[in-house]
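See below for query.txt, which holds compact mmCIF, C-alpha atoms.
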```
# COMPACT_ATOMS: atom_id res chain seq x y z
CA MET A 28 -66.70 -21.46 -33.73
CA SER A 29 -66.17 -18.07 -35.28
CA THR A 30 -67.40 -17.85 -38.85
CA THR A 31 -65.97 -14.49 -39.85
CA GLY A 32 -64.94 -14.13 -43.48
CA SER A 33 -61.34 -14.13 -44.63
CA GLY A 34 -61.59 -10.44 -45.44
CA ASP A 35 -62.43 -9.55 -41.81
CA TRP A 36 -59.29 -8.22 -40.12
CA ALA A 37 -60.77 -8.70 -36.64
CA GLY A 38 -61.69 -12.31 -37.34
CA ARG A 39 -58.23 -13.08 -38.70
CA ALA A 40 -56.54 -11.42 -35.75
CA LEU A 41 -58.75 -13.28 -33.27
CA ALA A 42 -57.95 -16.58 -34.96
CA ALA A 43 -54.23 -15.85 -34.63
CA VAL A 44 -54.52 -14.99 -30.94
CA ILE A 45 -56.55 -18.13 -30.24
CA GLU A 46 -53.95 -20.24 -32.04
CA ARG A 47 -51.29 -18.60 -29.88
CA VAL A 48 -53.29 -19.61 -26.80
CA ALA A 49 -53.24 -23.22 -27.96
CA VAL A 50 -49.47 -23.16 -28.50
CA THR A 51 -48.88 -21.48 -25.15
CA ALA A 52 -51.07 -24.02 -23.35
CA SER A 53 -48.98 -26.87 -24.69
CA GLU A 54 -45.78 -25.12 -23.58
CA VAL A 55 -46.64 -23.99 -20.06
CA GLY A 56 -48.61 -26.98 -18.78
CA THR A 57 -50.04 -26.23 -15.34
CA ARG A 58 -47.97 -23.07 -14.91
CA PHE A 59 -49.19 -19.57 -15.74
CA PRO A 60 -47.61 -17.49 -18.53
CA LEU A 61 -46.55 -13.99 -17.57
CA TYR A 62 -44.57 -12.44 -20.43
CA ALA A 63 -42.80 -13.73 -23.53
CA ALA A 64 -39.62 -12.58 -25.24
CA PRO A 65 -40.21 -10.85 -28.58
CA GLY A 66 -37.55 -12.89 -30.37
CA ASP A 67 -38.58 -16.50 -29.81
CA GLY A 68 -41.88 -16.21 -27.92
CA ARG A 69 -40.57 -18.16 -24.93
CA TRP A 70 -42.69 -17.50 -21.86
CA THR A 71 -41.60 -16.56 -18.36
CA THR A 72 -44.09 -18.35 -16.12
CA THR A 73 -45.29 -18.44 -12.52
CA GLY A 74 -46.48 -21.39 -10.48
CA ARG A 75 -49.52 -19.82 -8.77
CA GLY A 76 -50.37 -17.14 -11.32
CA SER A 77 -49.64 -14.04 -9.24
CA TRP A 78 -51.87 -11.07 -10.16
CA THR A 79 -51.99 -12.14 -13.83
CA GLY A 80 -53.29 -15.69 -13.41
CA GLY A 81 -56.88 -14.77 -14.18
CA PHE A 82 -55.94 -13.47 -17.59
CA TRP A 83 -54.53 -16.85 -18.59
CA ALA A 84 -57.66 -18.63 -17.35
CA GLY A 85 -59.72 -16.00 -19.18
CA LEU A 86 -57.81 -16.61 -22.41
CA LEU A 87 -58.48 -20.33 -22.09
CA TRP A 88 -62.19 -19.63 -21.66
CA LEU A 89 -62.18 -17.36 -24.69
CA ARG A 90 -60.53 -20.17 -26.66
CA ALA A 91 -63.18 -22.63 -25.46
CA ARG A 92 -65.97 -20.27 -26.52
CA TYR A 93 -64.31 -19.76 -29.90
CA THR A 94 -63.71 -23.44 -30.71
CA GLY A 95 -66.68 -24.99 -28.91
CA ASP A 96 -64.38 -27.90 -28.09
CA ALA A 97 -65.12 -29.86 -24.90
CA ALA A 98 -61.43 -30.48 -24.26
CA ASP A 99 -60.74 -26.75 -24.42
CA ARG A 100 -63.55 -26.15 -21.95
CA ARG A 101 -62.09 -28.73 -19.56
CA ALA A 102 -58.67 -27.08 -19.81
CA ALA A 103 -60.16 -23.68 -18.99
CA ALA A 104 -62.10 -25.09 -16.04
CA ALA A 105 -59.01 -26.81 -14.67
CA CYS A 106 -56.99 -23.61 -14.88
CA THR A 107 -59.72 -21.62 -13.14
CA ALA A 108 -59.83 -24.21 -10.36
CA ARG A 109 -56.12 -23.57 -9.75
CA LEU A 110 -56.99 -19.95 -8.95
CA ALA A 111 -59.17 -20.95 -5.99
CA PRO A 112 -56.53 -20.22 -3.30
CA TRP A 113 -56.54 -16.57 -4.35
CA ALA A 114 -60.16 -16.14 -3.19
CA ASP A 115 -59.02 -15.73 0.41
CA ALA A 116 -55.69 -13.99 -0.31
CA ASP A 117 -55.17 -10.52 1.13
CA THR A 118 -55.02 -8.58 -2.13
CA ALA A 119 -57.24 -6.22 -4.09
CA THR A 120 -55.90 -7.86 -7.24
CA ARG A 121 -58.47 -10.55 -6.58
CA GLY A 122 -60.54 -8.44 -8.94
CA LEU A 123 -58.05 -9.01 -11.76
CA ILE A 124 -57.53 -12.66 -10.85
CA LEU A 125 -61.02 -13.87 -10.06
CA TRP A 126 -63.22 -11.65 -12.20
CA TYR A 127 -61.30 -12.06 -15.44
CA GLY A 128 -60.53 -15.68 -14.60
CA THR A 129 -64.22 -16.56 -14.24
CA ALA A 130 -66.43 -14.05 -16.10
CA PRO A 131 -65.50 -15.38 -19.59
CA ALA A 132 -66.68 -18.82 -18.43
CA GLY A 133 -70.31 -17.86 -19.01
CA ASP A 134 -72.65 -20.35 -17.35
CA ASP A 135 -69.97 -22.66 -15.93
CA ALA A 136 -71.25 -23.48 -12.44
CA GLU A 137 -67.86 -24.01 -10.78
CA ALA A 138 -66.46 -20.75 -12.12
CA ALA A 139 -69.58 -18.93 -10.91
CA ALA A 140 -69.23 -20.49 -7.45
CA LEU A 141 -65.60 -19.40 -7.21
CA ARG A 142 -66.52 -15.90 -8.32
CA GLU A 143 -69.25 -15.68 -5.68
CA ARG A 144 -66.89 -16.96 -2.99
CA ALA A 145 -64.30 -14.37 -3.95
CA ALA A 146 -66.93 -11.61 -3.98
CA ARG A 147 -68.00 -12.44 -0.43
CA ALA A 148 -64.38 -12.61 0.75
CA CYS A 149 -63.58 -9.23 -0.80
CA LEU A 150 -66.68 -7.70 0.75
CA SER A 151 -65.61 -8.98 4.17
CA ALA A 152 -62.15 -7.48 3.67
CA CYS A 153 -63.38 -3.98 2.80
CA ASP A 154 -62.30 -1.30 5.28
CA PRO A 155 -65.24 1.08 5.94
CA GLY A 156 -62.93 3.61 7.58
CA LEU A 157 -60.75 3.88 4.48
CA GLY A 158 -63.72 3.47 2.16
CA LEU A 159 -62.12 0.76 0.03
CA LEU A 160 -60.72 -2.73 -0.23
CA PRO A 161 -57.05 -2.25 0.72
CA TRP A 162 -54.34 -3.31 -1.70
CA GLY A 163 -53.31 -5.98 0.81
CA GLY A 164 -50.08 -7.74 1.70
CA ALA A 165 -50.30 -10.95 -0.31
CA LEU A 166 -47.93 -9.67 -3.01
CA GLY A 167 -45.51 -8.05 -0.58
CA GLY A 168 -44.97 -4.45 0.44
CA PRO A 169 -47.24 -2.13 2.46
CA ARG A 170 -50.79 -3.35 2.94
CA LEU A 171 -52.66 -0.05 3.23
CA LEU A 172 -52.34 1.11 -0.35
CA ALA A 173 -54.83 2.36 -2.91
CA ARG A 174 -53.68 1.48 -6.45
CA VAL A 175 -55.54 1.83 -9.71
CA ASP A 176 -54.80 -1.80 -10.62
CA GLY A 177 -56.77 -2.82 -7.54
CA VAL A 178 -59.98 -1.35 -9.04
CA PRO A 179 -60.68 -3.06 -12.41
CA GLY A 180 -62.34 -6.42 -11.93
CA THR A 181 -62.91 -5.58 -8.26
CA VAL A 182 -65.88 -3.35 -9.14
CA PRO A 183 -67.91 -6.04 -10.94
CA LEU A 184 -66.65 -8.74 -8.53
CA LEU A 185 -67.91 -6.86 -5.46
CA ALA A 186 -71.13 -5.97 -7.27
CA GLY A 187 -71.89 -9.69 -7.44
CA ALA A 188 -72.19 -9.81 -3.64
CA GLY A 189 -75.66 -8.22 -3.58
CA PRO A 190 -76.67 -4.70 -2.49
CA LEU A 191 -73.93 -4.45 0.12
CA GLY A 192 -71.40 -5.53 -2.48
CA ALA A 193 -72.64 -2.95 -4.98
CA ALA A 194 -72.34 -0.23 -2.34
CA ALA A 195 -68.81 -1.40 -1.49
CA ALA A 196 -67.89 -1.43 -5.18
CA ALA A 197 -69.08 2.16 -5.57
CA ALA A 198 -67.20 3.28 -2.44
CA HIS A 199 -64.03 1.50 -3.59
CA LEU A 200 -64.15 3.17 -7.00
CA HIS A 201 -65.01 6.65 -5.75
CA ARG A 202 -62.25 6.58 -3.14
CA HIS A 203 -59.76 5.79 -5.92
CA LEU A 204 -61.19 8.61 -8.03
CA ASP A 205 -60.81 10.96 -5.05
CA LEU A 206 -57.18 10.00 -4.62
CA CYS A 207 -55.94 9.31 -8.12
CA LEU A 208 -57.67 12.16 -9.93
CA GLY A 209 -57.87 14.56 -7.02
CA ALA A 210 -60.60 17.05 -6.30
CA GLY A 211 -62.11 18.03 -9.62
CA GLY A 212 -59.43 16.10 -11.47
CA THR A 213 -56.90 18.92 -11.14
CA GLY A 214 -53.29 18.87 -10.09
CA HIS A 215 -50.65 16.74 -11.74
CA PRO A 216 -50.92 16.49 -15.55
CA TRP A 217 -51.28 12.71 -15.10
CA LEU A 218 -53.19 10.84 -12.47
CA ARG A 219 -51.47 9.55 -9.34
CA PRO A 220 -51.84 5.77 -9.64
CA ALA A 221 -50.85 4.74 -6.10
CA TRP A 222 -51.34 6.09 -2.58
CA ARG A 223 -50.22 4.88 0.86
CA PHE A 224 -52.20 5.41 4.04
CA ASP A 225 -50.28 6.73 7.02
CA GLU A 226 -51.95 6.72 10.44
CA ASP A 227 -50.60 10.19 11.19
CA ALA A 228 -50.43 11.90 7.80
CA GLY A 229 -53.34 10.20 6.02
CA TRP A 230 -53.10 9.36 2.33
CA GLN A 231 -49.73 10.07 0.74
CA PRO A 232 -48.82 9.65 -2.95
CA CYS A 233 -46.40 6.87 -3.89
CA GLU A 234 -43.61 7.30 -6.40
CA ASP A 235 -44.11 3.86 -7.93
CA PRO A 236 -45.90 3.42 -10.27
CA PRO A 237 -45.08 6.93 -11.53
CA PRO A 238 -47.76 9.45 -12.57
CA GLY A 239 -47.07 8.90 -16.28
CA TRP A 240 -47.63 5.13 -16.07
CA SER A 241 -49.50 4.04 -19.21
CA ARG A 242 -51.81 1.56 -17.52
CA GLY A 243 -52.86 3.97 -14.77
CA ALA A 244 -55.53 5.74 -16.80
CA ALA A 245 -56.42 2.54 -18.67
CA TRP A 246 -57.13 0.53 -15.51
CA LEU A 247 -59.16 3.33 -13.93
CA LEU A 248 -61.13 3.91 -17.14
CA LEU A 249 -61.99 0.21 -17.29
CA ALA A 250 -63.32 0.29 -13.73
CA VAL A 251 -65.40 3.39 -14.45
CA ALA A 252 -66.86 1.72 -17.54
CA ASP A 253 -67.82 -1.36 -15.53
CA ALA A 254 -69.53 0.81 -12.92
CA LEU A 255 -71.50 2.73 -15.56
CA LEU A 256 -72.81 -0.58 -16.92
CA ARG A 257 -74.23 -1.45 -13.49
CA PRO A 258 -77.00 0.87 -12.25
CA ASP A 259 -76.70 -0.58 -8.74
CA VAL A 260 -73.06 0.60 -8.64
CA ALA A 261 -73.35 3.84 -10.59
CA GLY A 262 -76.42 5.02 -8.69
CA PRO A 263 -76.48 8.73 -7.91
CA GLY A 264 -72.78 8.93 -8.80
CA GLN A 265 -73.39 8.36 -12.51
CA ALA A 266 -72.76 11.98 -13.48
CA ARG A 267 -69.43 11.93 -11.69
CA LEU A 268 -68.48 8.67 -13.41
CA ASP A 269 -69.40 10.11 -16.82
CA GLY A 270 -67.19 13.08 -16.07
CA ALA A 271 -64.36 10.86 -14.87
CA ALA A 272 -64.49 8.84 -18.10
CA ARG A 273 -64.29 12.00 -20.21
CA HIS A 274 -61.49 13.34 -18.05
CA LEU A 275 -59.44 10.14 -18.27
CA LEU A 276 -59.89 9.98 -22.03
CA SER A 277 -58.90 13.60 -22.55
CA ARG A 278 -56.01 13.52 -20.08
CA GLY A 279 -54.46 10.38 -21.53
CA GLY A 280 -55.11 11.40 -25.11
CA ALA A 281 -57.03 8.17 -25.61
CA LEU A 282 -59.58 9.81 -27.92
CA ALA A 283 -57.25 12.00 -29.95
CA GLY A 284 -53.66 11.06 -29.07
CA PRO A 285 -51.61 8.05 -30.18
CA LEU A 286 -53.55 4.83 -30.56
CA VAL A 287 -50.79 3.03 -28.66
CA PRO A 288 -49.44 5.11 -25.76
CA PRO A 289 -45.87 5.29 -24.49
CA ALA A 290 -45.25 3.18 -21.41
CA ASP A 291 -44.18 6.31 -19.55
CA GLY A 292 -45.95 9.51 -20.48
CA SER A 293 -42.92 11.54 -19.43
CA SER A 294 -40.80 9.67 -22.02
CA PRO A 295 -42.84 9.86 -25.24
CA ASP A 296 -39.94 8.47 -27.29
CA GLY A 297 -39.51 5.44 -25.01
CA PRO A 298 -41.12 2.00 -25.25
CA LEU A 299 -44.80 1.72 -26.12
CA ASP A 300 -47.36 -0.25 -24.13
CA THR A 301 -49.76 -2.22 -26.30
CA SER A 302 -51.33 -3.75 -23.20
CA ALA A 303 -52.52 -0.30 -22.07
CA ALA A 304 -53.98 0.25 -25.54
CA ALA A 305 -55.85 -3.09 -25.41
CA ILE A 306 -57.25 -2.32 -21.95
CA THR A 307 -58.38 1.11 -23.17
CA ALA A 308 -60.06 -0.42 -26.22
CA VAL A 309 -62.09 -2.79 -24.04
CA ALA A 310 -63.04 0.07 -21.72
CA LEU A 311 -64.20 2.10 -24.74
CA LEU A 312 -66.27 -0.82 -26.05
CA LYS A 313 -67.97 -0.97 -22.67
CA LEU A 314 -68.53 2.80 -22.59
CA ALA A 315 -70.05 2.54 -26.07
CA ARG A 316 -72.76 0.35 -24.54
CA VAL A 317 -73.74 3.09 -22.08
CA PRO A 318 -76.46 5.23 -23.73
CA GLY A 319 -75.25 8.73 -24.46
CA PRO A 320 -74.06 11.14 -27.15
CA ARG A 321 -70.49 9.80 -27.14
CA SER A 322 -71.28 6.12 -27.66
CA ALA A 323 -70.50 6.12 -31.39
CA ALA A 324 -67.21 7.98 -30.88
CA TYR A 325 -66.18 5.52 -28.17
CA ALA A 326 -66.96 2.53 -30.41
CA SER A 327 -65.08 4.04 -33.34
CA ARG A 328 -61.99 4.77 -31.28
CA ALA A 329 -62.02 1.27 -29.76
CA GLU A 330 -62.09 -0.30 -33.21
CA ALA A 331 -59.29 1.98 -34.41
CA ILE A 332 -57.09 0.91 -31.48
CA LEU A 333 -57.78 -2.79 -32.03
CA ARG A 334 -57.13 -2.44 -35.75
CA ARG A 335 -53.77 -0.76 -35.07
CA LEU A 336 -52.80 -3.49 -32.60
CA ALA A 337 -53.76 -6.23 -35.05
CA ARG A 338 -52.01 -4.69 -38.04
CA ALA A 339 -48.87 -3.20 -36.51
CA HIS A 340 -48.10 -5.22 -33.37
CA LEU A 341 -49.53 -8.72 -33.80
CA THR A 342 -47.25 -11.40 -35.23
CA GLY A 343 -48.40 -13.84 -37.83
CA PRO A 344 -48.94 -14.31 -41.54
CA GLY A 345 -49.87 -11.20 -43.47
CA PRO A 346 -49.30 -7.63 -42.22
CA GLY A 347 -47.60 -7.42 -38.87
CA PRO A 348 -44.20 -7.26 -37.19
CA GLY A 349 -41.38 -9.55 -38.36
CA PRO A 350 -41.48 -13.11 -39.62
CA GLY A 351 -39.90 -15.96 -37.72
CA ARG A 352 -41.89 -15.52 -34.53
CA PRO A 353 -44.90 -17.55 -33.37
CA ALA A 354 -48.15 -16.18 -34.77
CA GLY A 355 -50.59 -14.33 -32.52
CA MET A 356 -48.10 -12.55 -30.24
CA LEU A 357 -49.12 -9.03 -29.24
CA LEU A 358 -45.69 -7.40 -29.07
CA ASP A 359 -44.55 -4.06 -27.64
CA GLY A 360 -46.14 -4.54 -24.26
CA CYS A 361 -44.22 -3.01 -21.36
CA TYR A 362 -44.31 -4.66 -17.95
CA ASP A 363 -42.24 -2.04 -16.09
CA ALA A 364 -40.36 0.69 -17.96
CA GLY A 365 -38.67 2.06 -14.85
CA LYS A 366 -37.12 -1.29 -13.97
CA GLY A 367 -36.41 -2.19 -17.59
CA LEU A 368 -38.51 -5.34 -17.15
CA ALA A 369 -40.07 -6.89 -20.27
CA VAL A 370 -40.25 -3.57 -22.08
CA ARG A 371 -41.10 -4.79 -25.61
CA HIS A 372 -42.66 -8.12 -24.81
CA GLU A 373 -45.82 -10.09 -25.20
CA LEU A 374 -47.80 -9.77 -21.96
CA VAL A 375 -50.49 -12.23 -20.97
CA TRP A 376 -52.93 -9.47 -19.98
CA GLY A 377 -52.28 -7.65 -23.26
CA ASP A 378 -53.20 -10.85 -25.13
CA PHE A 379 -56.32 -11.23 -22.99
CA PHE A 380 -57.69 -7.74 -23.56
CA LEU A 381 -56.87 -7.88 -27.26
CA ALA A 382 -58.70 -11.21 -27.54
CA LEU A 383 -61.64 -9.88 -25.52
CA GLY A 384 -61.93 -6.77 -27.66
CA LEU A 385 -61.69 -8.75 -30.89
CA ALA A 386 -64.24 -11.28 -29.63
CA ALA A 387 -66.62 -8.41 -28.85
CA LEU A 388 -66.22 -7.07 -32.39
CA ASP A 389 -66.65 -10.63 -33.67
CA GLY A 390 -69.94 -10.91 -31.77
CA SER A 391 -68.88 -13.98 -29.80
CA VAL A 392 -68.68 -12.23 -26.41
CA ASP A 393 -71.07 -9.81 -24.70
CA ILE A 394 -68.62 -7.16 -23.55
CA THR A 395 -71.01 -5.96 -20.84
CA ARG A 396 -70.71 -9.30 -19.02
CA VAL A 397 -66.92 -9.76 -18.98
```
If you took the structure in this file and wrote it as structure tokens, what would it be?
Amino acid sequence: MSTTGSGDWAGRALAAVIERVAVTASEVGTRFPLYAAPGDGRWTTTGRGSWTGGFWAGLLWLRARYTGDAADRRAAAACTARLAPWADADTATRGLILWYGTAPAGDDAEAAALRERAARACLSACDPGLGLLPWGGALGGPRLLARVDGVPGTVPLLAGAGPLGAAAAAAHLHRHLDLCLGAGGTGHPWLRPAWRFDEDAGWQPCEDPPPGWSRGAAWLLLAVADALLRPDVAGPGQARLDGAARHLLSRGGALAGPLVPPADGSSPDGPLDTSAAAITAVALLKLARVPGPRSAAYASRAEAILRRLARAHLTGPGPGPGPGRPAGMLLDGCYDAGKGLAVRHELVWGDFFLALGLAALDGSVDITRV
């Protein structure tokens, strides 16, 4: 169990998030939470987990590590087992589902076996001609897409499939950098987060998600950080990855701009997206573990983001938004600004990355392994 002192803001915030996990677990049963209304904290859930299921399993594993309770560990293991059908699903979001749903489990043998199975399946599904693991058709829509949310988690997942997996992970990431940042990172003031492959015209940019999408840069930065932590993936491309990280941080203002970005960069006065901020904080904590002259600045910025999230957007006793809500809700997450879907809500992946970042500050999780 965490033993942080009462004066430690990160420890207090982590305790609140873990308590929220316990309350949520009792409410959702065997279903998977997706997003919760800011007023009463009631969750919208899914039966199979969709692309977010791994974050709920990951939160349960973080709770089990925090409490040390055998019952909590069994609950996390049972949830992870329910993700098994996704191992063979045709979707690049297997990285999000089966990396983040298993990596926080540490030495759990069944979680490791599922992760290895998913890694092999993803490696088999890679398309050498396109140079990536296609987005896939499991979630509907066109199959031959390249989307930035198909890269985080997929990089470390593929890397677990041996040398061929590490090579596939590098190819997958670099193809997305080619497309989303463009040659030399020039062009649109924001990255292009999604591309569709056409047999005649080649890769064509998609309009949805839009270029100003808050999580676009955050997801890609997280994948770059994971690659830089793995020499077998970074390889001779390390200099390019270093440059991509700096470019993403400068372009999105993550090092000097607002600690919590707008959900749509083209609408700076619109809803915020705390989930993008939490993802960025975790990416920065990872980058801080890569030796280099910017490590201290990355660590400092990560802590500043997490502190802002804990103090200004996390419900609970003490400083934070509004009484009367369940404690430990990370509010002001935006699922989809364009569709007006859950624009100021608690999002399960926002909770996960906040908990992961706080646990790294708390010393209870090795951020380089999750």
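We find CA of Phe379 (chain A) and CA of Phe82 (chain A) to be spaced 5.9 Å apart.
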Hey, which bits of region 327-370 of chain A sit within 12 Å of region 297-307 of chain A, and for each residue what's the closest pair of atoms and how far apart in Å (one decimal), counting only C-alpha atoms, rows by chain and increasing number, as a Markdown table?
```
| residue | atom | partner | partner_atom | distance |
| --- | --- | --- | --- | --- |
| A:Arg328 | CA | A:Thr307 | CA | 9.6 |
| A:Ala329 | CA | A:Thr307 | CA | 7.5 |
| A:Glu330 | CA | A:Ala305 | CA | 10.4 |
| A:Ala331 | CA | A:Ala304 | CA | 10.5 |
| A:Ile332 | CA | A:Ala304 | CA | 6.7 |
| A:Leu333 | CA | A:Ala305 | CA | 6.9 |
| A:Arg334 | CA | A:Ala305 | CA | 10.4 |
| A:Arg335 | CA | A:Ala304 | CA | 9.6 |
| A:Leu336 | CA | A:Thr301 | CA | 7.1 |
| A:Ala337 | CA | A:Ala305 | CA | 10.4 |
| A:Ala339 | CA | A:Thr301 | CA | 10.3 |
| A:His340 | CA | A:Thr301 | CA | 7.9 |
| A:Leu341 | CA | A:Thr301 | CA | 9.9 |
| A:Met356 | CA | A:Thr301 | CA | 11.2 |
| A:Leu357 | CA | A:Thr301 | CA | 7.4 |
| A:Leu358 | CA | A:Thr301 | CA | 7.1 |
| A:Asp359 | CA | A:Thr301 | CA | 5.7 |
| A:Gly360 | CA | A:Asp300 | CA | 4.5 |
| A:Cys361 | CA | A:Asp300 | CA | 5.0 |
| A:Tyr362 | CA | A:Asp300 | CA | 8.2 |
| A:Asp363 | CA | A:Asp300 | CA | 9.7 |
| A:Ala364 | CA | A:Pro298 | CA | 7.4 |
| A:Gly365 | CA | A:Pro298 | CA | 10.7 |
| A:Gly367 | CA | A:Pro298 | CA | 9.9 |
| A:Leu368 | CA | A:Pro298 | CA | 11.2 |
| A:Ala369 | CA | A:Pro298 | CA | 10.2 |
| A:Val370 | CA | A:Pro298 | CA | 6.5 |
```
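Shortest atom-to-atom contact with Gly168 (chain A) among A:Ala195, A:Arg69, A:Arg75, A:Asp235: A:Asp235, counting all atoms listed in the file.
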Leaving out His201 (chain A) and any residue of its chain fewer than 4 positions from it, which residues lie within 12 Å of it when counting all atoms listed in the file, given as JSON, numbers by chain?
-> {"A": [157, 158, 159, 160, 173, 175, 178, 182, 194, 195, 196, 197, 205, 206, 207, 208, 209, 210, 247, 250, 251, 254, 260, 261, 262, 263, 264, 265, 267, 268, 271]}
So that I can see what lies close to Leu184 (chain A), please list as a PDB file with C-alpha atoms, in the frame of the given file the residues with an atom at most 8 Å from it, counting all atoms listed in the file and leaving out residues fewer than 3 positions away in the same chain.
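Okay, this is what ended up in result13.pdb:
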```
ATOM      1  CA  GLY A 122     -60.540  -8.440  -8.940  1.00  0.00           C
ATOM      2  CA  LEU A 125     -61.020 -13.870 -10.060  1.00  0.00           C
ATOM      3  CA  TRP A 126     -63.220 -11.650 -12.200  1.00  0.00           C
ATOM      4  CA  ARG A 142     -66.520 -15.900  -8.320  1.00  0.00           C
ATOM      5  CA  GLU A 143     -69.250 -15.680  -5.680  1.00  0.00           C
ATOM      6  CA  ALA A 145     -64.300 -14.370  -3.950  1.00  0.00           C
ATOM      7  CA  ALA A 146     -66.930 -11.610  -3.980  1.00  0.00           C
ATOM      8  CA  GLY A 180     -62.340  -6.420 -11.930  1.00  0.00           C
ATOM      9  CA  THR A 181     -62.910  -5.580  -8.260  1.00  0.00           C
ATOM     10  CA  GLY A 187     -71.890  -9.690  -7.440  1.00  0.00           C
ATOM     11  CA  ALA A 188     -72.190  -9.810  -3.640  1.00  0.00           C
TER      12      ALA A 188
END
```
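Shortest atom-to-atom contact with Trp162 (chain A) among A:Ala119, A:Val50, A:Ala102, A:Leu89: A:Ala119, counting all atoms listed in the file.
Atom to atom, CA of Pro220 (chain A) and CA of Ala244 (chain A) stand 8.1 Å apart.
Distance-wise, CA of Ser322 (chain A) and CA of Gly390 (chain A) end up 17.6 Å apart.
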Within 10 Å of (-47.0, 12.1, -13.7), in the coordinates the file gives, what residues turn up when you count all atoms listed in the file, written out as a PyMOL selection string?
-> chain A and resi 214-220+234+236-240+291-293
Determine, counting only C-alpha atoms, every residue of protein, DNA or RNA that lies within 12 Å of (-64.5, -17.3, -32.5) in the file coordinates, then give the result as a ChimeraX atom specification.
-> /A:28-32,37-46,88-96,382-392
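Compared by their closest atoms to Ala63 (chain A), and using only C-alpha atoms, the residues A:Ile394, A:Leu276, A:Leu374, A:Leu248 rank with A:Leu374 nearest.
Closest approach to Asp253 (chain A) from the set A:Trp36, A:Val309, A:Leu166, A:Val375 is made by A:Val309, with distances taken over only C-alpha atoms.
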For Gly80 (chain A): contacts at 9 Å, all atoms listed in the file, fewer than 2 positions along chain excluded, given as a ChimeraX atom specification = /A:59-61,73,75-78,82-85,106-107,110,123-125,128,375
Go ahead and save the residues from that selection, with C-alpha atoms, as a compact mmCIF listing (two decimals), in the coordinates of the input.
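Result file follows (again29.txt):
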```txt
# COMPACT_ATOMS: atom_id res chain seq x y z
CA PHE A 59 -49.19 -19.57 -15.74
CA PRO A 60 -47.61 -17.49 -18.53
CA LEU A 61 -46.55 -13.99 -17.57
CA THR A 73 -45.29 -18.44 -12.52
CA ARG A 75 -49.52 -19.82 -8.77
CA GLY A 76 -50.37 -17.14 -11.32
CA SER A 77 -49.64 -14.04 -9.24
CA TRP A 78 -51.87 -11.07 -10.16
CA PHE A 82 -55.94 -13.47 -17.59
CA TRP A 83 -54.53 -16.85 -18.59
CA ALA A 84 -57.66 -18.63 -17.35
CA GLY A 85 -59.72 -16.00 -19.18
CA CYS A 106 -56.99 -23.61 -14.88
CA THR A 107 -59.72 -21.62 -13.14
CA LEU A 110 -56.99 -19.95 -8.95
CA LEU A 123 -58.05 -9.01 -11.76
CA ILE A 124 -57.53 -12.66 -10.85
CA LEU A 125 -61.02 -13.87 -10.06
CA GLY A 128 -60.53 -15.68 -14.60
CA VAL A 375 -50.49 -12.23 -20.97
```
Box for region 41-48 of chain A - axis-aligned, 4 Å on each of the six sides, all listed atoms - centre and size in Å to one decimal, as lines of an AutoDock Vina configuration file.
```
center_x = -55.0
center_y = -16.8
center_z = -30.9
size_x = 15.5
size_y = 15.0
size_z = 16.2
```
